[in-house]
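Undergrad: There's a structure below that I have some questions on.
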Amino acid sequence: MRTVLGGRVVSALLLAAGGCLHAAASAQAAFPSKPVTIITTFSAGSGPDAMMRAVGEKLSAQWKTPVLVDNRPGGAGFIAINAARAAAPDGHTLLMHEGDAISALPHLFKSRRFRVFDAFEPVGVLYDTPFFVVVSSTSPWKNVGDLLAAAKAKPGALTYGTWGVGSTAHLQSALFEGKAGVRMLHVPYKEMGQLYTGVSTGETDWALGAMASTQFAYQAGRVKYLAVTRARRLPDMPDVPTLAEAGGPANFEASGFVALLAPKGTPEPICERINKDLLAAVASPEVQARFKTFNFEAAPWSPAQTRRAIETRTAAYEQVITSNGIRLD
């Protein structure tokens, strides 16, 4: 009797497993069955928008269906978030959001009770980009050590600029302050162009910035890079030292990444399929050539790695937001 019962249980388990595998294969086979829309927080014509459209062309050719980019900036990202989370969880609508920004939202807008993975499934990352410590080309500081020495000599006097309260630059600059053990004054700007113009004229002492945002001033010779906030120098910019080499804290890195997320409940096989095809599109020579222009780096993260990256930054930002009293709601 026990033998017969065991056999029935094993048979049932095998049938269940077979059913799950069949369902997973069916989900993958059915995707995509119509155009795929990427709802993004970035403005049309911005660097991330241009990169997504380049990758979208590759995905469209691979999927044999249009990939559309729907720009919905504003509202601290919630305009795009709310539109994407209301879509059917079938992979045909994705959210494209700055990874650090969406990681910080739960703590910046506590009244909204937003939690990233209560609303979305992780899919992957479009790219990762390092930040530079940017100062005016006429600044007397030759390295980050000089900047920190000046900050320690006059606590609260030195200024750092960002593209807004609660922005990635604000939060990462505040983290940098903590790691370096200094206190400086935050100067928020309304636009990135204004920010780096302000740095170039000496109106603001320094700022963190990506190549895509600062190269107009850097190539014109109006700003210089004291360091790249990476553990290793960039191959294309070997003369720019790392933060640690330049006299900054050895255990600090700052970068930005652009994440793709799917509405909660999207089947895992579809998320995995999109991730695989995304990585292939990003790795294409044409996309890599465009990435190189802005020092964007491919981030071959799986959905699980994307989840961990967002969760890690969410925890880090909770601490810095609380300790600095930063709120947006």
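By convention here, the chains of the structure tokens are called A, B, ... in the order presented, each chain's residues are numbered starting at 1, and ligands are numbered starting at 1 in the order presented.
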Using only C-alpha atoms, tabulate the residues of stretch 182-252 of chain A lying at most 6 Å from any atom of stretch 129-140 of chain A, each with its closest atom pair and that distance in Å to one decimal, by chain and increasing residue number, as a tab-separated table.

TA:
residue	atom	partner	partner_atom	distance
A:Val199	CA	A:Ser136	CA	5.6
A:Ser200	CA	A:Ser136	CA	4.3
A:Gly202	CA	A:Ser136	CA	6.0
A:Trp206	CA	A:Val135	CA	4.7
A:Ala207	CA	A:Val134	CA	5.3
A:Leu208	CA	A:Val133	CA	4.9
A:Gly209	CA	A:Phe131	CA	5.0
A:Ala210	CA	A:Phe131	CA	4.5
A:Arg222	CA	A:Ser137	CA	5.2
A:Val223	CA	A:Ser136	CA	4.3
A:Lys224	CA	A:Ser137	CA	5.1
A:Tyr225	CA	A:Val134	CA	4.9
A:Leu226	CA	A:Val133	CA	5.5
A:Ala227	CA	A:Val133	CA	5.4
A:Val228	CA	A:Phe132	CA	4.4
A:Thr229	CA	A:Phe131	CA	5.6

Undergrad: Where in stretch 117-251 of chain A does DSSP assign strand (DSSP E or B), given as a PyMOL selection string?

TA: chain A and resi 120-136+159-162+185-188+206-210+223-228+242

Undergrad: Which residue gives the smallest distance to A:Thr93 among A:Thr159, A:Thr266, A:Thr204, A:Thr41, with only C-alpha atoms counted?

TA: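 Smallest distance to A:Thr93 is found for A:Thr266.
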
Undergrad: Of the candidates A:Pro122, A:Pro89, A:Pro188, A:Gly77, which shows the shortest atom-to-atom distance to A:Ala169, using only C-alpha atoms?

TA: A:Pro188

Undergrad: Name all residues at most 10 Å from A:Gly99 (count only C-alpha atoms; drop same-chain ones fewer than 2 positions away) and give them as a short mmCIF file (atom, residue, chain, number, x, y, z; two decimals) with N, CA, C and O atoms, in the first residue's frame.

TA:
data_model
loop_
_atom_site.label_atom_id
_atom_site.label_comp_id
_atom_site.auth_asym_id
_atom_site.auth_seq_id
_atom_site.Cartn_x
_atom_site.Cartn_y
_atom_site.Cartn_z
N MET A 96 11.13 52.18 -17.42
CA MET A 96 12.55 52.53 -17.46
C MET A 96 12.75 53.68 -16.48
O MET A 96 12.18 54.76 -16.65
N HIS A 97 13.55 53.46 -15.45
CA HIS A 97 13.70 54.44 -14.38
C HIS A 97 15.15 54.47 -13.91
O HIS A 97 15.84 53.45 -13.95
N ALA A 101 17.27 56.63 -8.18
CA ALA A 101 16.10 57.45 -7.87
C ALA A 101 14.95 56.59 -7.38
O ALA A 101 14.30 56.92 -6.37
N ILE A 102 14.68 55.49 -8.04
CA ILE A 102 13.56 54.65 -7.62
C ILE A 102 13.88 53.94 -6.30
O ILE A 102 13.00 53.64 -5.51
N SER A 103 15.18 53.71 -6.04
CA SER A 103 15.58 53.10 -4.77
C SER A 103 15.30 54.04 -3.60
O SER A 103 15.01 53.59 -2.48
N ALA A 104 15.42 55.34 -3.83
CA ALA A 104 15.25 56.33 -2.76
C ALA A 104 13.80 56.73 -2.54
O ALA A 104 13.46 57.24 -1.47
N VAL A 125 19.20 45.89 -16.49
CA VAL A 125 19.78 47.23 -16.47
C VAL A 125 20.23 47.61 -17.88
O VAL A 125 20.88 46.81 -18.56
N ASP A 128 25.21 51.22 -16.80
CA ASP A 128 25.73 51.81 -15.56
C ASP A 128 26.71 52.89 -15.98
O ASP A 128 27.36 52.78 -17.02
N THR A 168 19.77 61.77 -7.13
CA THR A 168 20.88 60.82 -6.95
C THR A 168 22.15 61.55 -6.56
O THR A 168 22.88 61.12 -5.66
N GLY A 256 25.59 55.83 -11.46
CA GLY A 256 24.17 55.79 -11.72
C GLY A 256 23.85 54.67 -12.69
O GLY A 256 24.67 54.34 -13.56
N PHE A 257 22.69 54.05 -12.55
CA PHE A 257 22.29 53.01 -13.50
C PHE A 257 20.83 53.18 -13.88
O PHE A 257 20.04 53.77 -13.13
N VAL A 258 20.50 52.70 -15.06
CA VAL A 258 19.14 52.80 -15.57
C VAL A 258 18.53 51.40 -15.57
O VAL A 258 19.07 50.48 -16.21
N ALA A 259 17.44 51.25 -14.83
CA ALA A 259 16.83 49.93 -14.64
C ALA A 259 15.58 49.77 -15.49
O ALA A 259 14.88 50.75 -15.80
N LEU A 260 15.31 48.52 -15.86
CA LEU A 260 14.05 48.16 -16.52
C LEU A 260 13.28 47.25 -15.57
O LEU A 260 13.84 46.28 -15.02
N LEU A 261 12.00 47.57 -15.39
CA LEU A 261 11.13 46.83 -14.47
C LEU A 261 9.83 46.49 -15.19
O LEU A 261 9.39 47.22 -16.08
N THR A 306 19.65 42.67 -10.39
CA THR A 306 19.01 43.99 -10.44
C THR A 306 18.23 44.24 -9.15
O THR A 306 18.30 45.34 -8.58
N ALA A 309 20.70 45.03 -6.34
CA ALA A 309 21.28 46.37 -6.47
C ALA A 309 20.32 47.43 -5.95
O ALA A 309 20.72 48.35 -5.22
N ILE A 310 19.04 47.31 -6.29
CA ILE A 310 18.04 48.27 -5.83
C ILE A 310 17.83 48.14 -4.33
O ILE A 310 17.75 49.15 -3.61
N ARG A 313 20.82 49.72 -2.43
CA ARG A 313 20.82 51.19 -2.45
C ARG A 313 19.64 51.75 -1.65
O ARG A 313 19.77 52.81 -1.04
N THR A 314 18.53 51.04 -1.64
CA THR A 314 17.40 51.48 -0.83
C THR A 314 17.80 51.54 0.64
O THR A 314 17.48 52.51 1.34
#

Undergrad: Between A:Leu158, A:Val282, A:Ala50, A:Ala254, single out the one closest to A:Glu297, counting only C-alpha atoms.

TA: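 With only C-alpha atoms as the atom set, the closest residue is A:Val282.
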
Undergrad: Could you tell me, as a ChimeraX atom specification, which residues of stretch 126-305 of chain A DSSP assigns to helix (DSSP H, G or I) when given the backbone?

TA: /A:144-153,168-180,192-201,211-219,268-282,285-293,303-305

Undergrad: If you count only C-alpha atoms, which residues fall within 10 Å of A:Ala87, apart from same-chain ones fewer than 5 positions away, as a list in words?

TA: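 Using only C-alpha atoms, the neighbours found are Asn82, His92, Thr93, Leu94, Ala262, Pro263 and Lys264 of chain A.
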
Undergrad: Have a look at A:Lys179, A:Gly145, A:Gly91, A:Glu191 and name the one nearest to A:Thr162; count only C-alpha atoms.

TA: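 Result for the nearest residue to A:Thr162: A:Glu191.
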
Undergrad: Pick out the residues sitting within 7 Å of stretch 51-62 of chain A, and hand them over as JSON, numbers by chain; count only C-alpha atoms, and ignore anything fewer than 2 positions along from it in its own chain.

TA: {"A": [47, 48, 49, 64, 65, 66, 67, 69, 277, 281, 282, 287]}

Undergrad: Restricted to N, CA and C atoms, what would the selected residues look like written as a PDB file, in the first residue's frame?

TA:
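Generated output (selection.pdb):
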ATOM      1  N   GLY A  47      20.185  61.589 -22.908  1.00  0.00           N
ATOM      2  CA  GLY A  47      21.100  60.471 -23.137  1.00  0.00           C
ATOM      3  C   GLY A  47      20.462  59.116 -22.900  1.00  0.00           C
ATOM      4  N   PRO A  48      19.804  58.905 -21.746  1.00  0.00           N
ATOM      5  CA  PRO A  48      19.159  57.606 -21.513  1.00  0.00           C
ATOM      6  C   PRO A  48      18.088  57.285 -22.548  1.00  0.00           C
ATOM      7  N   ASP A  49      17.335  58.303 -22.963  1.00  0.00           N
ATOM      8  CA  ASP A  49      16.298  58.102 -23.982  1.00  0.00           C
ATOM      9  C   ASP A  49      16.932  57.647 -25.297  1.00  0.00           C
ATOM     10  N   LYS A  64      10.698  41.024 -33.785  1.00  0.00           N
ATOM     11  CA  LYS A  64       9.829  41.192 -34.962  1.00  0.00           C
ATOM     12  C   LYS A  64       8.518  41.898 -34.598  1.00  0.00           C
ATOM     13  N   THR A  65       8.629  42.877 -33.740  1.00  0.00           N
ATOM     14  CA  THR A  65       7.489  43.702 -33.356  1.00  0.00           C
ATOM     15  C   THR A  65       8.020  45.062 -32.901  1.00  0.00           C
ATOM     16  N   PRO A  66       7.270  46.131 -33.065  1.00  0.00           N
ATOM     17  CA  PRO A  66       7.772  47.450 -32.655  1.00  0.00           C
ATOM     18  C   PRO A  66       8.055  47.535 -31.154  1.00  0.00           C
ATOM     19  N   VAL A  67       9.109  48.272 -30.813  1.00  0.00           N
ATOM     20  CA  VAL A  67       9.406  48.628 -29.426  1.00  0.00           C
ATOM     21  C   VAL A  67       9.283  50.143 -29.339  1.00  0.00           C
ATOM     22  N   VAL A  69       9.005  53.825 -27.250  1.00  0.00           N
ATOM     23  CA  VAL A  69       9.446  54.534 -26.053  1.00  0.00           C
ATOM     24  C   VAL A  69       8.446  55.635 -25.752  1.00  0.00           C
ATOM     25  N   ASP A 277      17.493  38.948 -23.954  1.00  0.00           N
ATOM     26  CA  ASP A 277      17.490  39.691 -25.215  1.00  0.00           C
ATOM     27  C   ASP A 277      18.046  41.104 -25.026  1.00  0.00           C
ATOM     28  N   ALA A 281      21.240  42.759 -27.011  1.00  0.00           N
ATOM     29  CA  ALA A 281      21.127  44.025 -27.732  1.00  0.00           C
ATOM     30  C   ALA A 281      22.184  45.017 -27.269  1.00  0.00           C
ATOM     31  N   VAL A 282      22.393  45.093 -25.958  1.00  0.00           N
ATOM     32  CA  VAL A 282      23.391  46.015 -25.399  1.00  0.00           C
ATOM     33  C   VAL A 282      24.798  45.623 -25.846  1.00  0.00           C
ATOM     34  N   VAL A 287      25.533  49.388 -30.472  1.00  0.00           N
ATOM     35  CA  VAL A 287      25.143  49.975 -29.186  1.00  0.00           C
ATOM     36  C   VAL A 287      26.376  50.277 -28.342  1.00  0.00           C
TER      37      VAL A 287
END

Undergrad: From the set A:Ala174, A:Ile274, A:Gly164, A:Phe78, which residue has the shortest atom-to-atom contact distance to A:Arg112, counting only C-alpha atoms?

TA: A:Phe78

Undergrad: Could you list, with a cut-off of 12 Å and counting only C-alpha atoms, the residues of stretch 35-153 of chain A near stretch 320-325 of chain A, each shown with its nearest atom pair and the distance in Å rounded to one decimal, rows sorted by chain and ascending number, as JSON lines?

TA:
{"residue": "A:Ser103", "atom": "CA", "partner": "A:Ile321", "partner_atom": "CA", "distance": 11.7}
{"residue": "A:Ala104", "atom": "CA", "partner": "A:Ile321", "partner_atom": "CA", "distance": 8.4}
{"residue": "A:Leu105", "atom": "CA", "partner": "A:Ile321", "partner_atom": "CA", "distance": 10.4}
{"residue": "A:Pro106", "atom": "CA", "partner": "A:Ile321", "partner_atom": "CA", "distance": 10.5}
{"residue": "A:His107", "atom": "CA", "partner": "A:Ile321", "partner_atom": "CA", "distance": 7.0}
{"residue": "A:Leu108", "atom": "CA", "partner": "A:Ile321", "partner_atom": "CA", "distance": 7.3}
{"residue": "A:Phe109", "atom": "CA", "partner": "A:Ile321", "partner_atom": "CA", "distance": 10.9}
{"residue": "A:Lys110", "atom": "CA", "partner": "A:Ile321", "partner_atom": "CA", "distance": 11.3}

Undergrad: Return the single residue from A:Ala212, A:Ala280, A:Cys271, A:Ala231 that is closest to A:Lys292, with distances computed using only C-alpha atoms.

TA: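 Ranked by minimum distance to A:Lys292, first place goes to A:Ala212.
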